[in-house]
Each structure stands twice: as C-alpha cells, then as structure tokens.
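Here is the structure we will look at.
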Amino acid sequence: MRIVVAGGTGLIGSKVVESLQRLGHDVVSAAPGTGVDTISGRGVADALKGADVVVDVTNKVIFEPEPILDFFTTSTRTLLNAGREAGVRHHVVLSIVGTDRLSHPGYLDAKAAQERLVAESGTPFTIVRATQFFENLTAMGAGMAQDDVIVPPTADLQPVAAADVAAVLVDVATSAPLDGVVEVAGPERAAFARFIGPALAARGDERPLKPDAGAGYFGVPIVRDSLVPLGVARIGRTTFDDWSAAHSS
C-alpha cells in the first residue's frame with residue numbers, strides 16, 4: 001500500500017515510517033522538513049496522490065487553548081480534505097487515552113476536536129488513543145516542580161514505550177478501518193510517582209517527590225483512573241524497568 005505518515009519525522013512518526021518500509025509498503029514521510037506543511041497546505045496534495053492510508057501523528061507542544069485548537073483543527077481538515085480528493089480509504093489518527101472523559105481548555109479539548117473531525121469526516125477511520133510515553137516522563141516530572149520538590153498527582157499512569165505505540169499504529173494502518181477507537185497502554189499501572197521518580201533520578205534529578213491528591217495534570221483536574229484505559233486495551237511489550245535499563249546513560 002501507499003501510506004502517508006503525517007508527522008513522519010517525529011518520535012512516533014519516524015518509527016512508523018521505518019516499520020512500514022521494512023514491511024515493503026510505499027511510505028511517504030510528510031512533515032515540514034520534507035516539504036509538507038499541513039497548516040499552510042504546502043505539498044499536502046502532492047504527498048497524498050495515490051495514497052491508500054493516512055497516518056496522522058502530527059503534534060505541537062502548545063497549551064494555550066486557541067493556538068493549539070487552531071493547529072489540530074487546521075492540520076486535520078487539511079489532511080482530510082486532501083485525502084478525500086486523493087481517494088484515501090483509511091485515516092488513522094493518534095490521540096490520548098482519556099480524551100473522551102476529560103474536558104479542559106487547551107491540549108485535551110483540541111485533541112477531542114481533532115477526533116470529532118475525523119469521526120465525522122465520512123472517510124473510514126481508526127482513532128488510536130495512547131497513554132503517556134516513557135520517553136516523556138522526565139519532562140512531565142520536571143513540569144511538576146514546585147520550588148525544590150516534585151509534586152505529582154496520586155492518580156494512576158500506565159505509560160508505554162513509543163516503539164510499542166508505533167507498532168500498534170502500523171498494525172492498524174495495514175488493517176481494515178474500525179470506524180472506532182483502539183487504546184494502547186503499557187504493561188504496568190501505578191501511581192505517577194512510581195514512574196516519575198525513577199525517570200528523574202536517571203537524569204540526575206534527585207528532588208524529593210511529594211504526591212498530592214489535589215494535583216492536576218498540567219492544569220487538568222483528574223481522578224485516579226482519568227489517564228488509564230477503562231476497558232479493553234492493547235498492551236505494549238516493553239516494561240518500564242526494561243525500557244529504563246535500555247536507556248540508562
């Protein structure tokens with residue numbers, strides 16, 4: 001198949017591109033660095049010519065409500081419109097576990113809007129919702145600093161390796177559209193501190209952790225199971241301890 005990976009040079013996208021190429025598919029890595037801009041539309045129509053599948057893993061780290069909403073809705077509409085013209089038969093988009101349960105101005109609401117656009121587009125689709133990546137735990141923890149301590153929520157995480165998320169995306173992209181949602185998570189569910197503490201310590205950050213039941217997730221109020229799958233999920237192979245050992249400096 002001819003498969004276009006929008007965001008194909010990023011953490012997840014590059015892994016998806018590599019895996020699809022190994023499987024023998026005709027893969028287009030679509031990103032600003034390869035001449036494809038889903039915001040301006042530059043290069044999108046050409047990139048999607050003859051495409052069977054689009055995998056959208058585009059991302060922007062912006063938390064202000066209007067800019068991030070504009071990014072995801074503009075980018076998604078650009079891809080959907082070009083895909084419709086090109087005859088794309090399956091639109092796959094990466095989202096976040098909990099998006100359907102948490103509403104908060106900013107990133108989560110923008111991802112929810114993206115999901116709605118895809119689901120209502122008329123193009124056969126699959127939404128893949130993933131939990132937080134192991135690769136992002138250090139930055140997450142640093143963002144929870146208050147003076148000389150780290151204050152994580154007491155809620156649960158079930159983080160997953162980026163490679164395992166990419167593997168699910170590859171499987172979904174090469175299968176029939178579900179017109180629904182697939183969730184993916186790591187093999188271990190535990191409180192934030194279980195993962196945040198070791199991730200920070202591995203980077204030399206020994207600040208103490210003081211979990212707080214009232215702490216939110218980057219401004220989003222959460223309860224214990226807000227960020228973990230509630231039903232059936234695909235479980236990644238890589239444990240946190242194995243991933244940490246493989247990535248220790």
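Just remember, in the structure tokens the first chain shown is A, the second B, etc., residues are 1-based per chain, and ligands are 1-based in the order shown.
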Hey, which bits of segment 57-142 of chain A sit within 12 Å of segment 220-231 of chain A, and for each residue what's the closest pair of atoms and how far apart in Å (one decimal), counting only C-alpha atoms, rows by chain and increasing number, as CSV?
residue,atom,partner,partner_atom,distance
A:Phe63,CA,A:Val220,CA,11.1
A:Ile96,CA,A:Leu227,CA,8.4
A:Val97,CA,A:Leu227,CA,5.9
A:Gly98,CA,A:Leu227,CA,5.2
A:Thr99,CA,A:Leu227,CA,8.5
A:Asp100,CA,A:Ser226,CA,9.9
A:Arg101,CA,A:Ser226,CA,7.2
A:Leu102,CA,A:Ser226,CA,7.3
A:Ser103,CA,A:Val220,CA,8.2
A:His104,CA,A:Val220,CA,6.2
A:Pro105,CA,A:Val220,CA,8.7
A:Gly106,CA,A:Val220,CA,9.3
A:Tyr107,CA,A:Val220,CA,9.9
A:Leu108,CA,A:Val220,CA,8.8
A:Asp109,CA,A:Val220,CA,10.7
A:Arg129,CA,A:Pro229,CA,9.2
A:Ala130,CA,A:Pro229,CA,8.9
A:Thr131,CA,A:Val228,CA,6.7
A:Gln132,CA,A:Leu227,CA,8.3
Generate the output file for the selected residues, N, CA, C and O atoms, as an mmCIF file, in the first residue's frame.
data_model
loop_
_atom_site.group_PDB
_atom_site.id
_atom_site.type_symbol
_atom_site.label_atom_id
_atom_site.label_comp_id
_atom_site.auth_asym_id
_atom_site.auth_seq_id
_atom_site.Cartn_x
_atom_site.Cartn_y
_atom_site.Cartn_z
ATOM 1 N N PHE A 63 0.055 24.816 24.888
ATOM 2 C CA PHE A 63 -1.015 24.577 25.853
ATOM 3 C C PHE A 63 -2.045 25.697 25.889
ATOM 4 O O PHE A 63 -3.080 25.567 26.534
ATOM 5 N N ILE A 96 -5.058 10.516 22.665
ATOM 6 C CA ILE A 96 -4.633 10.291 24.041
ATOM 7 C C ILE A 96 -5.729 9.577 24.823
ATOM 8 O O ILE A 96 -6.904 9.973 24.755
ATOM 9 N N VAL A 97 -5.357 8.561 25.592
ATOM 10 C CA VAL A 97 -6.313 7.910 26.484
ATOM 11 C C VAL A 97 -6.862 8.949 27.474
ATOM 12 O O VAL A 97 -6.100 9.692 28.096
ATOM 13 N N GLY A 98 -8.160 8.982 27.601
ATOM 14 C CA GLY A 98 -8.812 9.931 28.493
ATOM 15 C C GLY A 98 -9.402 11.129 27.796
ATOM 16 O O GLY A 98 -10.152 11.898 28.409
ATOM 17 N N THR A 99 -9.079 11.299 26.505
ATOM 18 C CA THR A 99 -9.582 12.455 25.761
ATOM 19 C C THR A 99 -11.106 12.508 25.774
ATOM 20 O O THR A 99 -11.699 13.590 25.815
ATOM 21 N N ASP A 100 -11.741 11.340 25.752
ATOM 22 C CA ASP A 100 -13.204 11.290 25.725
ATOM 23 C C ASP A 100 -13.826 11.535 27.093
ATOM 24 O O ASP A 100 -15.038 11.727 27.205
ATOM 25 N N ARG A 101 -12.987 11.545 28.147
ATOM 26 C CA ARG A 101 -13.510 11.694 29.505
ATOM 27 C C ARG A 101 -13.109 12.998 30.170
ATOM 28 O O ARG A 101 -13.706 13.406 31.165
ATOM 29 N N LEU A 102 -12.071 13.625 29.655
ATOM 30 C CA LEU A 102 -11.559 14.855 30.254
ATOM 31 C C LEU A 102 -11.820 16.025 29.319
ATOM 32 O O LEU A 102 -11.464 15.974 28.147
ATOM 33 N N SER A 103 -12.423 17.065 29.836
ATOM 34 C CA SER A 103 -12.627 18.269 29.038
ATOM 35 C C SER A 103 -11.955 19.435 29.741
ATOM 36 O O SER A 103 -12.255 19.739 30.889
ATOM 37 N N HIS A 104 -11.004 20.039 29.034
ATOM 38 C CA HIS A 104 -10.278 21.156 29.623
ATOM 39 C C HIS A 104 -9.726 22.025 28.502
ATOM 40 O O HIS A 104 -9.132 21.510 27.550
ATOM 41 N N PRO A 105 -9.963 23.334 28.563
ATOM 42 C CA PRO A 105 -9.459 24.216 27.502
ATOM 43 C C PRO A 105 -7.957 24.030 27.311
ATOM 44 O O PRO A 105 -7.196 24.061 28.278
ATOM 45 N N GLY A 106 -7.556 23.806 26.090
ATOM 46 C CA GLY A 106 -6.147 23.594 25.806
ATOM 47 C C GLY A 106 -5.947 22.317 25.032
ATOM 48 O O GLY A 106 -6.740 21.965 24.147
ATOM 49 N N TYR A 107 -4.899 21.595 25.347
ATOM 50 C CA TYR A 107 -4.461 20.457 24.538
ATOM 51 C C TYR A 107 -5.524 19.366 24.439
ATOM 52 O O TYR A 107 -5.803 18.851 23.357
ATOM 53 N N LEU A 108 -6.120 18.990 25.559
ATOM 54 C CA LEU A 108 -7.072 17.883 25.541
ATOM 55 C C LEU A 108 -8.317 18.215 24.726
ATOM 56 O O LEU A 108 -8.813 17.387 23.957
ATOM 57 N N ASP A 109 -8.839 19.408 24.891
ATOM 58 C CA ASP A 109 -10.001 19.792 24.096
ATOM 59 C C ASP A 109 -9.652 19.867 22.609
ATOM 60 O O ASP A 109 -10.487 19.565 21.747
ATOM 61 N N ARG A 129 -5.798 5.780 20.648
ATOM 62 C CA ARG A 129 -5.514 6.571 21.853
ATOM 63 C C ARG A 129 -4.441 5.864 22.672
ATOM 64 O O ARG A 129 -4.594 4.700 23.032
ATOM 65 N N ALA A 130 -3.371 6.586 22.973
ATOM 66 C CA ALA A 130 -2.263 6.020 23.744
ATOM 67 C C ALA A 130 -2.137 6.724 25.087
ATOM 68 O O ALA A 130 -2.534 7.887 25.239
ATOM 69 N N THR A 131 -1.574 6.020 26.054
ATOM 70 C CA THR A 131 -1.217 6.643 27.315
ATOM 71 C C THR A 131 0.090 7.410 27.142
ATOM 72 O O THR A 131 0.658 7.465 26.055
ATOM 73 N N GLN A 132 0.599 7.983 28.216
ATOM 74 C CA GLN A 132 1.821 8.781 28.152
ATOM 75 C C GLN A 132 3.017 7.889 27.794
ATOM 76 O O GLN A 132 3.082 6.729 28.177
#
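Candidate residues A:Val149, A:Leu48, A:Ala191, A:Val232 were compared for distance to Asp205 of chain A, and the nearest is A:Val149, using only C-alpha atoms.
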**OP:** Find the residues around Ala201 of chain A up to 12 Å (only C-alpha atoms counted), leave out those fewer than 4 positions away in its own chain, and share them as a ChimeraX atom specification.
**Re:** /A:137-138,141-142,150,193-197,205-209,244,248-249
Which residues, written as a JSON list (two decimals) with all heavy atoms, in the first residue's frame, have at least one atom at most 10 Å from Ala139 of chain A, with only C-alpha atoms counted and residues fewer than 5 positions away on the same chain left out?
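Wrote selection.json, looks like this:
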[["chain", "number", "residue", "atom", "x", "y", "z"],
["A", 144, "MET", "N", 6.27, 19.32, 36.97],
["A", 144, "MET", "CA", 5.52, 19.24, 38.23],
["A", 144, "MET", "C", 6.31, 19.79, 39.40],
["A", 144, "MET", "O", 5.93, 19.61, 40.56],
["A", 144, "MET", "CB", 5.12, 17.78, 38.50],
["A", 144, "MET", "CG", 4.17, 17.23, 37.47],
["A", 144, "MET", "SD", 3.92, 15.44, 37.62],
["A", 144, "MET", "CE", 2.81, 15.16, 36.22],
["A", 196, "ILE", "N", 7.60, 8.63, 37.62],
["A", 196, "ILE", "CA", 8.24, 9.95, 37.58],
["A", 196, "ILE", "C", 9.54, 9.97, 38.38],
["A", 196, "ILE", "O", 10.56, 10.50, 37.93],
["A", 196, "ILE", "CB", 7.28, 11.03, 38.10],
["A", 196, "ILE", "CG1", 6.06, 11.17, 37.17],
["A", 196, "ILE", "CG2", 8.00, 12.37, 38.24],
["A", 196, "ILE", "CD1", 6.38, 11.64, 35.78],
["A", 199, "ALA", "N", 12.42, 8.10, 36.60],
["A", 199, "ALA", "CA", 12.77, 8.79, 35.36],
["A", 199, "ALA", "C", 13.61, 10.03, 35.64],
["A", 199, "ALA", "O", 14.60, 10.30, 34.94],
["A", 199, "ALA", "CB", 11.50, 9.18, 34.60],
["A", 200, "LEU", "N", 13.23, 10.79, 36.66],
["A", 200, "LEU", "CA", 14.01, 11.98, 37.02],
["A", 200, "LEU", "C", 15.37, 11.59, 37.60],
["A", 200, "LEU", "O", 16.39, 12.20, 37.27],
["A", 200, "LEU", "CB", 13.22, 12.83, 38.01],
["A", 200, "LEU", "CG", 12.01, 13.57, 37.46],
["A", 200, "LEU", "CD1", 11.22, 14.22, 38.60],
["A", 200, "LEU", "CD2", 12.42, 14.62, 36.44]]
**OP:** Identify all residues of segment 7-243 of chain A in strand (DSSP E) (DSSP on the backbone) and supply them as a PyMOL selection string.
**Re:** chain A and resi 26-30+53-56+90-96+125-130+145-146+149-150+156-157+180-185+190-191+234-235
Original post:
Of the candidates A:Ala82, A:Leu11, A:Ile68, A:Ala167, which one gets nearest to Gly43 of chain A if we count only C-alpha atoms?
Top reply: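 Smallest distance to Gly43 of chain A is found for A:Ala82.
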**OP:** For atom CA of Gln21 of chain A and atom CA of Thr174 of chain A, determine how far apart the two atoms are, in Å to one decimal place.
**Re:**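 According to the coordinates, atom CA of Gln21 of chain A and atom CA of Thr174 of chain A are separated by 12.0 Å.
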Original post:
Got a sec to tell me which of segment 34-63 of chain A DSSP assigns to helix (DSSP H, G or I), as a list in words?
Top reply: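 These are the residues in question: Thr34, Val44, Ala45, Asp46, Ala47 and Leu48 of chain A.
If you measure from each of A:Ala185, A:Ala190, A:Val93, A:Ala6 to Val160 of chain A using only C-alpha atoms, the closest one turns out to be A:Ala185.
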**OP:** Show which residues sit within 12 Å of Glu120 of chain A, as an MDAnalysis selection string. Count only C-alpha atoms, and ignore same-chain residues fewer than 4 positions away.
**Re:** chainID A and resid 76:77 80 91 113:116 124:126 179:180
Selected residues written out, N, CA and C atoms, as a compact mmCIF listing (two decimals), in the first residue's frame:
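The result, stored in result-v1.txt:
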# COMPACT_ATOMS: atom_id res chain seq x y z
N THR A 76 -5.83 18.87 10.66
CA THR A 76 -6.70 17.72 10.40
C THR A 76 -7.60 17.96 9.20
N ARG A 77 -8.17 19.15 9.11
CA ARG A 77 -9.01 19.46 7.94
C ARG A 77 -8.21 19.40 6.64
N LEU A 80 -7.73 15.71 5.84
CA LEU A 80 -8.98 15.05 5.46
C LEU A 80 -9.44 15.51 4.08
N HIS A 91 -8.16 6.65 7.35
CA HIS A 91 -7.49 7.75 8.04
C HIS A 91 -7.26 7.32 9.48
N ALA A 113 -11.43 17.75 19.66
CA ALA A 113 -11.95 18.35 18.42
C ALA A 113 -11.38 17.64 17.20
N GLN A 114 -10.11 17.28 17.25
CA GLN A 114 -9.49 16.54 16.15
C GLN A 114 -10.19 15.20 15.95
N GLU A 115 -10.44 14.49 17.05
CA GLU A 115 -11.13 13.20 16.95
C GLU A 115 -12.50 13.36 16.30
N ARG A 116 -13.24 14.39 16.68
CA ARG A 116 -14.58 14.61 16.11
C ARG A 116 -14.50 14.86 14.61
N PRO A 124 -13.42 6.42 6.09
CA PRO A 124 -13.21 5.34 7.06
C PRO A 124 -11.99 5.65 7.94
N PHE A 125 -12.10 5.39 9.22
CA PHE A 125 -11.07 5.87 10.15
C PHE A 125 -10.84 4.88 11.29
N THR A 126 -9.71 5.09 11.96
CA THR A 126 -9.43 4.46 13.25
C THR A 126 -8.70 5.48 14.11
N ASP A 179 -13.61 2.34 12.12
CA ASP A 179 -14.59 3.41 12.40
C ASP A 179 -14.85 3.48 13.90
N GLY A 180 -13.77 3.41 14.65
CA GLY A 180 -13.86 3.42 16.10
C GLY A 180 -12.50 3.67 16.71
Neighbouring residues of Val128 of chain A were defined as those with any atom within 9 Å, considering only C-alpha atoms; residues of the same chain fewer than 5 positions away were excluded. Please report them as a short mmCIF file (atom, residue, chain, number, x, y, z; two decimals) with N, CA, C and O atoms, in the first residue's frame.
data_model
loop_
_atom_site.label_atom_id
_atom_site.label_comp_id
_atom_site.auth_asym_id
_atom_site.auth_seq_id
_atom_site.Cartn_x
_atom_site.Cartn_y
_atom_site.Cartn_z
N VAL A 92 -6.00 7.24 9.86
CA VAL A 92 -5.61 6.82 11.21
C VAL A 92 -5.06 8.03 11.95
O VAL A 92 -4.21 8.75 11.40
N VAL A 93 -5.52 8.27 13.17
CA VAL A 93 -5.02 9.42 13.93
C VAL A 93 -4.64 8.98 15.33
O VAL A 93 -5.30 8.15 15.96
N LEU A 94 -3.53 9.52 15.82
CA LEU A 94 -3.05 9.23 17.17
C LEU A 94 -3.63 10.24 18.14
O LEU A 94 -3.52 11.45 17.93
N SER A 95 -4.22 9.74 19.22
CA SER A 95 -4.78 10.61 20.24
C SER A 95 -4.35 10.13 21.62
O SER A 95 -3.34 9.41 21.74
N ILE A 96 -5.06 10.52 22.67
CA ILE A 96 -4.63 10.29 24.04
C ILE A 96 -5.73 9.58 24.82
O ILE A 96 -6.90 9.97 24.75
N VAL A 97 -5.36 8.56 25.59
CA VAL A 97 -6.31 7.91 26.48
C VAL A 97 -6.86 8.95 27.47
O VAL A 97 -6.10 9.69 28.10
N VAL A 165 3.74 1.93 20.78
CA VAL A 165 2.66 2.71 20.17
C VAL A 165 2.80 2.67 18.65
O VAL A 165 1.82 2.48 17.91
N VAL A 168 1.52 -0.55 17.17
CA VAL A 168 0.06 -0.60 17.07
C VAL A 168 -0.42 0.23 15.88
O VAL A 168 -1.30 -0.20 15.12
N LEU A 169 0.16 1.40 15.69
CA LEU A 169 -0.22 2.23 14.55
C LEU A 169 0.05 1.52 13.23
O LEU A 169 -0.75 1.59 12.30
N VAL A 172 -2.63 -1.14 12.80
CA VAL A 172 -3.92 -0.52 12.47
C VAL A 172 -3.91 -0.02 11.03
O VAL A 172 -4.88 -0.20 10.28
N GLY A 180 -13.77 3.41 14.65
CA GLY A 180 -13.86 3.42 16.10
C GLY A 180 -12.50 3.67 16.71
O GLY A 180 -11.59 4.18 16.05
N VAL A 181 -12.35 3.25 17.96
CA VAL A 181 -11.18 3.60 18.77
C VAL A 181 -10.44 2.35 19.22
O VAL A 181 -11.04 1.35 19.61
N VAL A 182 -9.10 2.42 19.17
CA VAL A 182 -8.21 1.44 19.78
C VAL A 182 -7.42 2.16 20.85
O VAL A 182 -6.92 3.26 20.62
N GLU A 183 -7.31 1.56 22.04
CA GLU A 183 -6.48 2.15 23.08
C GLU A 183 -5.25 1.29 23.32
O GLU A 183 -5.32 0.05 23.22
N VAL A 184 -4.14 1.95 23.62
CA VAL A 184 -2.88 1.24 23.86
C VAL A 184 -2.23 1.81 25.11
O VAL A 184 -2.24 3.01 25.34
#
**OP:** Please provide the set of residues having any atom within 12 Å of Arg42 of chain A, restricted to only C-alpha atoms, with same-chain residues fewer than 5 positions apart removed, written as an NGL selection string.
**Re:** :A and (30-37 or 47-48 or 75 or 78-79 or 82)
**OP:** Measuring atom to atom with only C-alpha atoms, identify which of A:Ile39, A:Pro67, A:Lys49, A:Gly236 is nearest to Ala166 of chain A.
**Re:** A:Gly236
**OP:** Choose the residue, out of A:Val54, A:Ala202, A:Ala155, A:Met1, that has the smallest atom-to-atom separation from Ala215 of chain A; count only C-alpha atoms.
**Re:** A:Ala155
